[in-house]
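Visitor: You'll find work11.txt just under this line, and it carries compact mmCIF, C-alpha atoms.
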```txt
# COMPACT_ATOMS: atom_id res chain seq x y z
CA MET A 1 -46.54 -30.47 -102.84
CA THR A 2 -46.39 -33.47 -100.53
CA GLN A 3 -47.12 -32.82 -96.86
CA LYS A 4 -44.65 -34.07 -94.27
CA PHE A 5 -46.11 -36.60 -91.86
CA ARG A 6 -44.53 -37.26 -88.52
CA PHE A 7 -45.42 -38.88 -85.21
CA ALA A 8 -46.26 -36.43 -82.42
CA PHE A 9 -48.23 -36.66 -79.21
CA PRO A 10 -51.13 -34.20 -79.06
CA SER A 11 -49.95 -30.78 -77.95
CA ARG A 12 -51.60 -28.54 -75.36
CA ARG A 13 -53.20 -26.64 -78.27
CA ASP A 14 -54.67 -29.92 -79.60
CA TRP A 15 -56.21 -30.69 -76.20
CA LEU A 16 -57.68 -27.18 -76.04
CA TRP A 17 -59.19 -27.76 -79.48
CA VAL A 18 -60.61 -31.08 -78.19
CA LEU A 19 -62.39 -29.28 -75.34
CA GLY A 20 -63.59 -26.52 -77.68
CA LEU A 21 -64.93 -28.97 -80.26
CA ILE A 22 -66.78 -30.95 -77.57
CA ALA A 23 -68.34 -27.75 -76.24
CA ILE A 24 -69.32 -26.40 -79.69
CA GLY A 25 -70.49 -29.85 -80.86
CA GLY A 26 -72.62 -30.24 -77.75
CA LEU A 27 -74.25 -26.86 -78.34
CA LEU A 28 -74.79 -27.79 -82.01
CA GLY A 29 -76.52 -30.98 -80.84
CA PHE A 30 -78.82 -28.96 -78.55
CA GLY A 31 -79.65 -26.54 -81.38
CA LEU A 32 -80.41 -29.29 -83.90
CA ASN A 33 -82.50 -31.15 -81.32
CA ALA A 34 -84.51 -27.98 -80.67
CA VAL A 35 -85.42 -27.56 -84.38
CA SER A 36 -85.93 -31.27 -85.09
CA PRO A 37 -89.55 -32.44 -85.39
CA ASN A 38 -88.58 -35.66 -83.54
CA GLY A 39 -86.43 -33.89 -80.94
CA ILE A 40 -86.25 -34.84 -77.27
CA ASN A 41 -88.31 -32.54 -75.04
CA LEU A 42 -85.61 -31.77 -72.50
CA LYS A 43 -88.07 -30.00 -70.17
CA ILE A 44 -89.92 -33.28 -69.67
CA ALA A 45 -86.87 -35.55 -69.95
CA LEU A 46 -84.98 -33.68 -67.24
CA GLU A 47 -87.88 -33.63 -64.77
CA PRO A 48 -87.10 -35.94 -61.85
CA ASP A 49 -89.21 -39.07 -61.62
CA ASP A 50 -91.82 -39.14 -58.87
CA PRO A 51 -89.68 -39.31 -55.76
CA ALA A 52 -90.55 -41.76 -53.04
CA PRO A 53 -92.23 -39.91 -50.15
CA SER A 54 -89.93 -39.25 -47.24
CA PRO A 55 -90.79 -40.96 -43.94
CA ALA A 56 -91.72 -37.59 -42.48
CA ALA A 57 -94.05 -36.85 -45.38
CA ALA A 58 -95.62 -40.30 -45.07
CA ASP A 59 -96.26 -39.72 -41.35
CA ALA A 60 -97.92 -36.40 -42.12
CA GLY A 61 -100.37 -38.08 -44.48
CA GLY A 62 -98.40 -37.40 -47.63
CA ILE A 63 -97.79 -33.71 -46.93
CA SER A 64 -94.21 -32.76 -46.26
CA PRO A 65 -93.72 -30.69 -43.09
CA THR A 66 -91.20 -28.55 -44.92
CA ALA A 67 -93.78 -27.79 -47.58
CA GLU A 68 -96.24 -26.64 -44.87
CA ALA A 69 -93.65 -24.33 -43.39
CA ARG A 70 -93.24 -22.42 -46.67
CA PRO A 71 -95.12 -19.10 -46.91
CA MET B 1 -39.06 -46.98 -101.93
CA SER B 2 -37.83 -43.43 -102.43
CA GLY B 3 -38.65 -40.73 -99.87
CA ASN B 4 -41.06 -38.86 -102.14
CA ARG B 5 -42.99 -41.99 -103.07
CA LYS B 6 -43.20 -43.01 -99.40
CA ASP B 7 -44.49 -39.55 -98.44
CA ALA B 8 -47.05 -39.66 -101.26
CA LEU B 9 -48.26 -43.13 -100.15
CA THR B 10 -48.49 -41.97 -96.51
CA ALA B 11 -50.46 -38.88 -97.58
CA TRP B 12 -52.84 -41.01 -99.65
CA LEU B 13 -53.47 -43.47 -96.77
CA TRP B 14 -53.93 -40.60 -94.33
CA ASN B 15 -56.45 -38.88 -96.60
CA ALA B 16 -58.34 -42.11 -97.33
CA ALA B 17 -58.64 -42.85 -93.56
CA ARG B 18 -59.64 -39.25 -92.82
CA VAL B 19 -62.40 -39.12 -95.44
CA THR B 20 -63.75 -42.62 -94.70
CA ILE B 21 -63.96 -42.09 -90.92
CA GLY B 22 -65.37 -38.59 -91.41
CA PHE B 23 -68.05 -39.89 -93.75
CA LEU B 24 -68.95 -42.77 -91.39
CA PHE B 25 -69.36 -40.33 -88.51
CA LEU B 26 -71.49 -38.10 -90.75
CA LEU B 27 -73.80 -41.07 -91.42
CA ALA B 28 -73.83 -42.06 -87.74
CA ALA B 29 -74.71 -38.50 -86.66
CA SER B 30 -77.42 -38.07 -89.32
CA GLY B 31 -79.20 -41.26 -88.19
CA LYS B 32 -79.18 -40.10 -84.57
CA LEU B 33 -80.30 -36.56 -85.43
CA ARG B 34 -83.22 -37.91 -87.46
CA ASP B 35 -84.71 -39.60 -84.39
CA PRO B 36 -83.09 -38.50 -81.12
CA VAL B 37 -85.80 -40.19 -79.02
CA LYS B 38 -85.03 -43.56 -80.59
CA PHE B 39 -81.31 -43.00 -79.97
CA MET B 40 -82.00 -42.14 -76.32
CA GLY B 41 -83.97 -45.39 -76.00
CA GLY B 42 -81.02 -47.26 -77.54
CA MET B 43 -78.64 -45.65 -75.03
CA ASP B 44 -80.99 -46.52 -72.17
CA ASN B 45 -81.01 -50.20 -73.23
CA TYR B 46 -77.29 -50.42 -72.43
CA GLY B 47 -78.16 -49.61 -68.78
CA LEU B 48 -74.94 -47.67 -68.24
CA VAL B 49 -76.19 -44.07 -68.00
CA HIS B 50 -79.16 -42.89 -65.97
CA GLY B 51 -80.91 -39.73 -64.85
CA TRP B 52 -80.13 -36.38 -66.45
CA VAL B 53 -77.01 -37.74 -68.22
CA LEU B 54 -79.16 -39.85 -70.57
CA PRO B 55 -81.16 -37.09 -72.37
CA LEU B 56 -78.27 -34.62 -72.32
CA GLY B 57 -75.88 -37.25 -73.73
CA ALA B 58 -78.40 -38.29 -76.41
CA VAL B 59 -78.77 -34.66 -77.50
CA ALA B 60 -75.10 -33.62 -77.37
CA MET B 61 -73.43 -36.73 -78.84
CA PRO B 62 -74.82 -36.45 -82.42
CA GLY B 63 -73.78 -32.78 -82.53
CA ILE B 64 -70.22 -33.66 -81.49
CA GLU B 65 -70.15 -36.49 -84.06
CA LEU B 66 -71.40 -34.13 -86.80
CA LEU B 67 -68.84 -31.43 -85.98
CA CYS B 68 -65.95 -33.92 -85.83
CA ALA B 69 -67.09 -35.41 -89.17
CA LEU B 70 -67.06 -31.93 -90.73
CA MET B 71 -63.57 -31.19 -89.35
CA LEU B 72 -62.21 -34.52 -90.64
CA LEU B 73 -63.79 -34.12 -94.09
CA LEU B 74 -62.52 -30.55 -94.44
CA ALA B 75 -59.09 -31.48 -92.95
CA VAL B 76 -59.36 -28.71 -90.36
CA ARG B 77 -57.85 -29.46 -86.92
CA THR B 78 -57.73 -33.13 -87.85
CA ARG B 79 -55.68 -34.18 -84.81
CA ALA B 80 -58.20 -32.81 -82.30
CA ALA B 81 -61.22 -34.15 -84.22
CA ALA B 82 -59.56 -37.59 -84.56
CA LEU B 83 -58.78 -37.62 -80.82
CA ILE B 84 -62.47 -37.06 -80.01
CA VAL B 85 -63.55 -39.69 -82.56
CA ALA B 86 -61.05 -42.20 -81.15
CA GLY B 87 -62.21 -41.46 -77.59
CA MET B 88 -65.87 -41.92 -78.57
CA LEU B 89 -65.10 -45.19 -80.36
CA ALA B 90 -63.19 -46.45 -77.30
CA LEU B 91 -66.24 -45.53 -75.19
CA PHE B 92 -68.57 -47.38 -77.60
CA ILE B 93 -66.32 -50.47 -77.58
CA GLY B 94 -66.33 -50.44 -73.75
CA ALA B 95 -70.13 -50.05 -73.62
CA MET B 96 -70.67 -52.85 -76.17
CA GLY B 97 -68.22 -55.12 -74.33
CA SER B 98 -70.02 -54.46 -71.06
CA ALA B 99 -73.42 -55.22 -72.64
CA MET B 100 -72.08 -58.45 -74.17
CA HIS B 101 -70.65 -59.46 -70.78
CA ARG B 102 -74.15 -59.05 -69.31
CA HIS B 103 -75.60 -61.14 -72.20
CA LEU B 104 -77.84 -58.29 -73.40
CA ASP B 105 -79.41 -58.89 -76.81
CA LEU B 106 -79.99 -55.43 -78.32
CA ASP B 107 -79.58 -53.21 -81.37
CA CYS B 108 -76.21 -51.44 -81.18
CA SER B 109 -77.83 -48.02 -82.09
CA CYS B 110 -74.73 -47.01 -84.06
CA PHE B 111 -75.97 -46.44 -87.63
CA ASP B 112 -79.50 -45.96 -88.89
CA LEU B 113 -79.31 -45.82 -92.68
CA MET B 114 -82.59 -47.72 -93.02
CA GLY B 115 -84.60 -44.86 -91.50
CA ALA B 116 -83.82 -42.51 -94.40
CA ASP B 117 -86.77 -42.56 -96.77
CA SER B 118 -86.12 -39.71 -99.17
CA ALA B 119 -86.67 -40.21 -102.88
CA LEU B 120 -82.96 -40.74 -103.49
CA LEU B 121 -82.87 -43.72 -101.16
CA ALA B 122 -86.09 -45.25 -102.43
CA HIS B 123 -84.47 -47.12 -105.35
CA GLY B 124 -83.21 -50.00 -103.26
CA PRO B 125 -80.17 -50.63 -101.10
CA ALA B 126 -77.76 -51.23 -104.00
CA VAL B 127 -78.43 -47.76 -105.50
CA ARG B 128 -78.29 -46.13 -102.04
CA ASP B 129 -74.89 -47.76 -101.34
CA LEU B 130 -73.65 -46.71 -104.78
CA ILE B 131 -74.66 -43.08 -104.06
CA LEU B 132 -72.91 -43.16 -100.65
CA THR B 133 -69.76 -44.61 -102.28
CA ALA B 134 -69.79 -41.93 -104.98
CA LEU B 135 -70.19 -39.19 -102.35
CA THR B 136 -67.28 -40.51 -100.26
CA LEU B 137 -65.07 -40.60 -103.35
CA ALA B 138 -66.24 -37.09 -104.27
CA PHE B 139 -65.12 -35.84 -100.85
CA LEU B 140 -61.74 -37.51 -101.30
CA ILE B 141 -61.26 -36.16 -104.83
CA LEU B 142 -62.44 -32.63 -103.93
CA GLY B 143 -60.41 -32.50 -100.75
CA VAL B 144 -57.10 -33.90 -101.99
CA GLU B 145 -55.57 -31.77 -104.75
CA PRO B 146 -57.85 -32.78 -107.60
CA SER B 147 -56.03 -30.81 -110.23
CA THR B 148 -52.72 -29.92 -111.72
CA VAL B 149 -53.43 -26.22 -111.09
CA PRO B 150 -53.59 -24.79 -107.58
CA ARG B 151 -57.19 -24.07 -106.65
CA PRO B 152 -57.85 -21.77 -103.69
CA ARG B 153 -58.53 -23.66 -100.46
CA ILE B 154 -61.70 -21.61 -99.84
CA TRP B 155 -63.01 -22.77 -103.24
CA ARG B 156 -62.81 -26.46 -102.36
CA THR B 157 -63.86 -25.92 -98.74
CA LEU B 158 -67.09 -24.15 -99.74
CA LEU B 159 -67.84 -26.79 -102.37
CA MET B 160 -67.34 -29.58 -99.83
CA THR B 161 -69.41 -27.77 -97.19
CA ALA B 162 -72.32 -27.48 -99.65
CA LEU B 163 -72.02 -31.23 -100.33
CA PHE B 164 -71.84 -31.90 -96.59
CA ALA B 165 -74.98 -29.84 -95.89
CA TRP B 166 -76.87 -31.57 -98.67
CA ILE B 167 -75.99 -35.05 -97.35
CA SER B 168 -76.78 -34.22 -93.71
CA PHE B 169 -80.03 -32.39 -94.15
CA VAL B 170 -81.46 -33.55 -97.46
CA MET B 171 -80.33 -37.04 -98.41
CA LEU B 172 -80.41 -38.42 -94.88
CA ASP B 173 -83.56 -36.55 -93.83
CA GLY B 174 -81.81 -34.68 -91.06
CA GLY B 175 -84.02 -31.60 -91.26
CA SER B 176 -87.60 -30.48 -91.55
CA PRO B 177 -89.49 -31.90 -94.59
CA GLU B 178 -90.84 -28.46 -95.65
CA TRP B 179 -87.48 -27.04 -96.66
CA ARG B 180 -85.85 -30.26 -97.86
CA ARG B 181 -86.95 -29.87 -101.50
CA PRO B 182 -86.03 -26.15 -101.89
CA LEU B 183 -82.70 -26.83 -100.19
CA THR B 184 -82.03 -29.74 -102.57
CA TYR B 185 -82.65 -27.53 -105.61
CA THR B 186 -80.61 -24.62 -104.19
CA LEU B 187 -77.59 -26.72 -103.20
CA GLY B 188 -77.80 -28.93 -106.32
CA THR B 189 -77.89 -25.89 -108.64
CA ALA B 190 -75.03 -24.24 -106.70
CA LEU B 191 -72.90 -27.39 -106.94
CA ILE B 192 -73.46 -27.78 -110.70
CA LEU B 193 -72.82 -24.06 -111.37
CA TRP B 194 -69.71 -24.20 -109.23
CA MET B 195 -68.29 -27.21 -111.05
CA VAL B 196 -69.07 -25.73 -114.49
CA LEU B 197 -67.45 -22.43 -113.45
CA ASP B 198 -64.45 -24.26 -112.01
CA LEU B 199 -63.90 -26.30 -115.18
CA GLY B 200 -64.55 -23.18 -117.29
CA VAL B 201 -61.78 -21.30 -115.47
CA HIS B 202 -59.23 -24.10 -115.17
CA GLY B 203 -60.17 -26.34 -118.10
CA LEU B 204 -61.03 -30.03 -118.19
CA ALA B 205 -57.39 -30.96 -118.72
CA SER B 206 -56.53 -29.54 -115.29
CA LEU B 207 -58.12 -32.55 -113.58
CA ARG B 208 -55.72 -35.34 -112.67
CA TRP B 209 -57.71 -38.13 -114.28
CA GLY B 210 -55.11 -40.79 -113.42
CA ALA B 211 -55.30 -40.00 -109.70
CA ILE B 212 -59.10 -39.89 -109.78
CA LEU B 213 -59.35 -43.24 -111.57
CA ARG B 214 -56.80 -44.76 -109.14
CA ASP B 215 -58.87 -43.63 -106.12
CA VAL B 216 -62.05 -45.00 -107.67
CA ALA B 217 -60.40 -48.33 -108.61
CA ILE B 218 -58.91 -48.92 -105.16
CA LEU B 219 -61.67 -47.62 -102.89
CA ALA B 220 -65.01 -48.03 -104.70
CA LEU B 221 -65.58 -51.74 -104.00
CA PRO B 222 -64.51 -51.78 -100.30
CA LEU B 223 -66.58 -48.63 -99.64
CA TRP B 224 -69.64 -50.09 -101.38
CA ALA B 225 -69.31 -53.33 -99.37
CA MET B 226 -68.95 -51.34 -96.13
CA PHE B 227 -72.10 -49.27 -96.78
CA HIS B 228 -73.97 -52.43 -97.80
CA VAL B 229 -73.13 -54.07 -94.45
CA LEU B 230 -73.96 -50.90 -92.45
CA GLY B 231 -77.29 -50.41 -94.21
CA ASP B 232 -78.38 -54.02 -93.72
CA GLY B 233 -80.95 -53.30 -90.99
CA ALA B 234 -80.36 -52.93 -87.28
CA ALA B 235 -76.96 -54.28 -86.22
CA THR B 236 -77.40 -56.66 -83.31
CA LEU B 237 -74.70 -56.23 -80.72
CA GLY B 238 -71.94 -58.82 -81.08
CA TRP B 239 -68.33 -59.46 -82.00
CA GLY B 240 -69.06 -58.07 -85.50
CA THR B 241 -69.98 -54.61 -84.19
CA ILE B 242 -67.01 -54.61 -81.78
CA PHE B 243 -64.65 -55.64 -84.59
CA ARG B 244 -66.08 -52.85 -86.79
CA ASP B 245 -65.38 -50.22 -84.13
CA VAL B 246 -61.89 -51.61 -83.43
CA ALA B 247 -61.22 -51.38 -87.19
CA MET B 248 -62.23 -47.70 -87.02
CA VAL B 249 -60.46 -46.77 -83.78
CA THR B 250 -57.04 -47.85 -85.07
CA PRO B 251 -56.90 -45.40 -88.03
CA ALA B 252 -58.58 -42.75 -85.82
CA PHE B 253 -55.66 -42.95 -83.34
CA ALA B 254 -53.24 -42.93 -86.28
CA LEU B 255 -54.88 -39.70 -87.54
CA ALA B 256 -54.57 -38.16 -84.07
CA LEU B 257 -50.90 -39.08 -83.58
CA PHE B 258 -49.48 -39.20 -87.08
CA GLY B 259 -50.48 -36.32 -89.31
CA PRO B 260 -49.19 -33.17 -90.94
CA ALA B 261 -48.17 -30.39 -88.58
CA GLU B 262 -51.00 -28.05 -87.57
CA GLY B 263 -49.36 -24.84 -86.47
CA PRO B 264 -51.05 -21.85 -84.83
CA GLY B 265 -51.93 -20.16 -88.09
CA ARG B 266 -52.62 -23.26 -90.15
CA ALA B 267 -55.57 -25.57 -90.40
```
Just give me the structure as structure tokens.

Guide:
Amino acid sequence: MTQKFRFAFPSRRDWLWVLGLIAIGGLLGFGLNAVSPNGINLKIALEPDDPAPSPAAADAGGISPTAEARP
Amino acid sequence: MSGNRKDALTAWLWNAARVTIGFLFLLAASGKLRDPVKFMGGMDNYGLVHGWVLPLGAVAMPGIELLCALMLLLAVRTRAAALIVAGMLALFIGAMGSAMHRHLDLDCSCFDLMGADSALLAHGPAVRDLILTALTLAFLILGVEPSTVPRPRIWRTLLMTALFAWISFVMLDGGSPEWRRPLTYTLGTALILWMVLDLGVHGLASLRWGAILRDVAILALPLWAMFHVLGDGAATLGWGTIFRDVAMVTPAFALALFGPAEGPGRA
């Protein structure tokens, strides 16, 4: 049986499927990266680079006053 | 041209575009999954994404590509999968155009067929391209009414999923080396048994040999040439890579806007 082809803009259901596929695909990517021997170590990759010391921290000899105030 | 012939031609073009784009995205995803760190470096070279977006994007994008490839190859929710593929291609074209505008000379990081070093791909590029062509045609033939008798959809879907898993994780080295060989034997044996059982039940005469030969005659040479170009080392960014993606985005939009109806209960 031949299928009927017709032009149609994506429906709301199609857009919901788009969001769902992106979410599931993203999770699949994370899972495959976790089991891959060459995977990206996200713990290290997501660590912020060494931030530049704030002026206040520089004045205090490299120790942030806010850090001193912590218990 | 009569209505039926026109519908049949449209269906054939739609299926050929669906399988070809699905297979290309399968290859693209496999290359990125094999070496995500290298892909992240390639993304970084474009200089468009920074900070936490870079590693998260490099991890998520191959998964989305792989899932969309599977949906296109199995003809499940084709409109949604084609919309994502078209959006990604538009993003890639924009990124490549931006890099060319800034006169950056870099590898486009799109396909990495050269990294695959399994035994099947060790016989030279011509044999590798021939295998990829045969697999693409197998997907098309398995997925598009290969017989004169109605086979259950689940039958073909499972067969194609086994083929899909074998290509992703065995042929293109997408998984761990320890279980590659056992998986090859398991999936290979299952595929052969399945085909023998299928032909035993339905008979050799059930296959539409004319349609199969027509597909092979029309598509084999262009597919082989396409894989040969893609596998020819790292693709330096340029008008060639942009033209390639424009050539893919056009049928991807056509798949998203012009396809068979996908109702609530239907794939």

Visitor: Considering all atoms listed in the file, state which residue in the set B:Gly22, B:Gly57, B:Gly94, B:Gly238 is at the smallest distance from chain A.

Guide: B:Gly57

Visitor: Would you give me, as a tab-separated table, each residue of chain B having an atom within 6 Å of an atom of chain A, along with its shortest atom pair and that distance in Å to one decimal, using only C-alpha atoms and sorting by chain and residue number?

Guide:
```
residue	atom	partner	partner_atom	distance
B:Asp35	CA	A:Asn38	CA	5.6
B:Pro36	CA	A:Gly39	CA	5.7
B:Val37	CA	A:Ile40	CA	5.6
B:Trp52	CA	A:Leu46	CA	5.6
B:Val59	CA	A:Gly29	CA	5.5
B:Ala60	CA	A:Gly26	CA	4.2
B:Pro62	CA	A:Gly29	CA	5.9
B:Gly63	CA	A:Gly29	CA	3.7
B:Ile64	CA	A:Gly25	CA	3.9
B:Leu67	CA	A:Gly25	CA	5.6
B:Ala80	CA	A:Val18	CA	5.1
B:Leu257	CA	A:Ala8	CA	5.5
B:Phe258	CA	A:Phe7	CA	4.5
B:Gly259	CA	A:Phe5	CA	5.1
B:Pro260	CA	A:Phe5	CA	4.7
```

Visitor: Between CA of Leu33 in chain B and CA of Cys108 in chain B, measure the distance and give it in Å to one decimal.

Guide: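 Distance reported for this atom pair: 16.0 Å.
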
Visitor: So, with only C-alpha atoms as the atoms that count, which of B:Gly42, B:Pro152, B:Gly3, B:Pro182 lies closest to Thr236 in chain B?

Guide: B:Gly42

Visitor: Can you measure CA of Leu187 in chain B to CA of Val201 in chain B for me? One decimal in Å is fine.

Guide: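 Taking CA of Leu187 in chain B as the start and CA of Val201 in chain B as the end point, the length is 20.7 Å.
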
Visitor: For the atom pair CA of Asp129 in chain B and CA of Ala165 in chain B, what is the interatomic distance in Å to one decimal place?

Guide: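 One can read the CA of Asp129 in chain B to CA of Ala165 in chain B distance as 18.7 Å.
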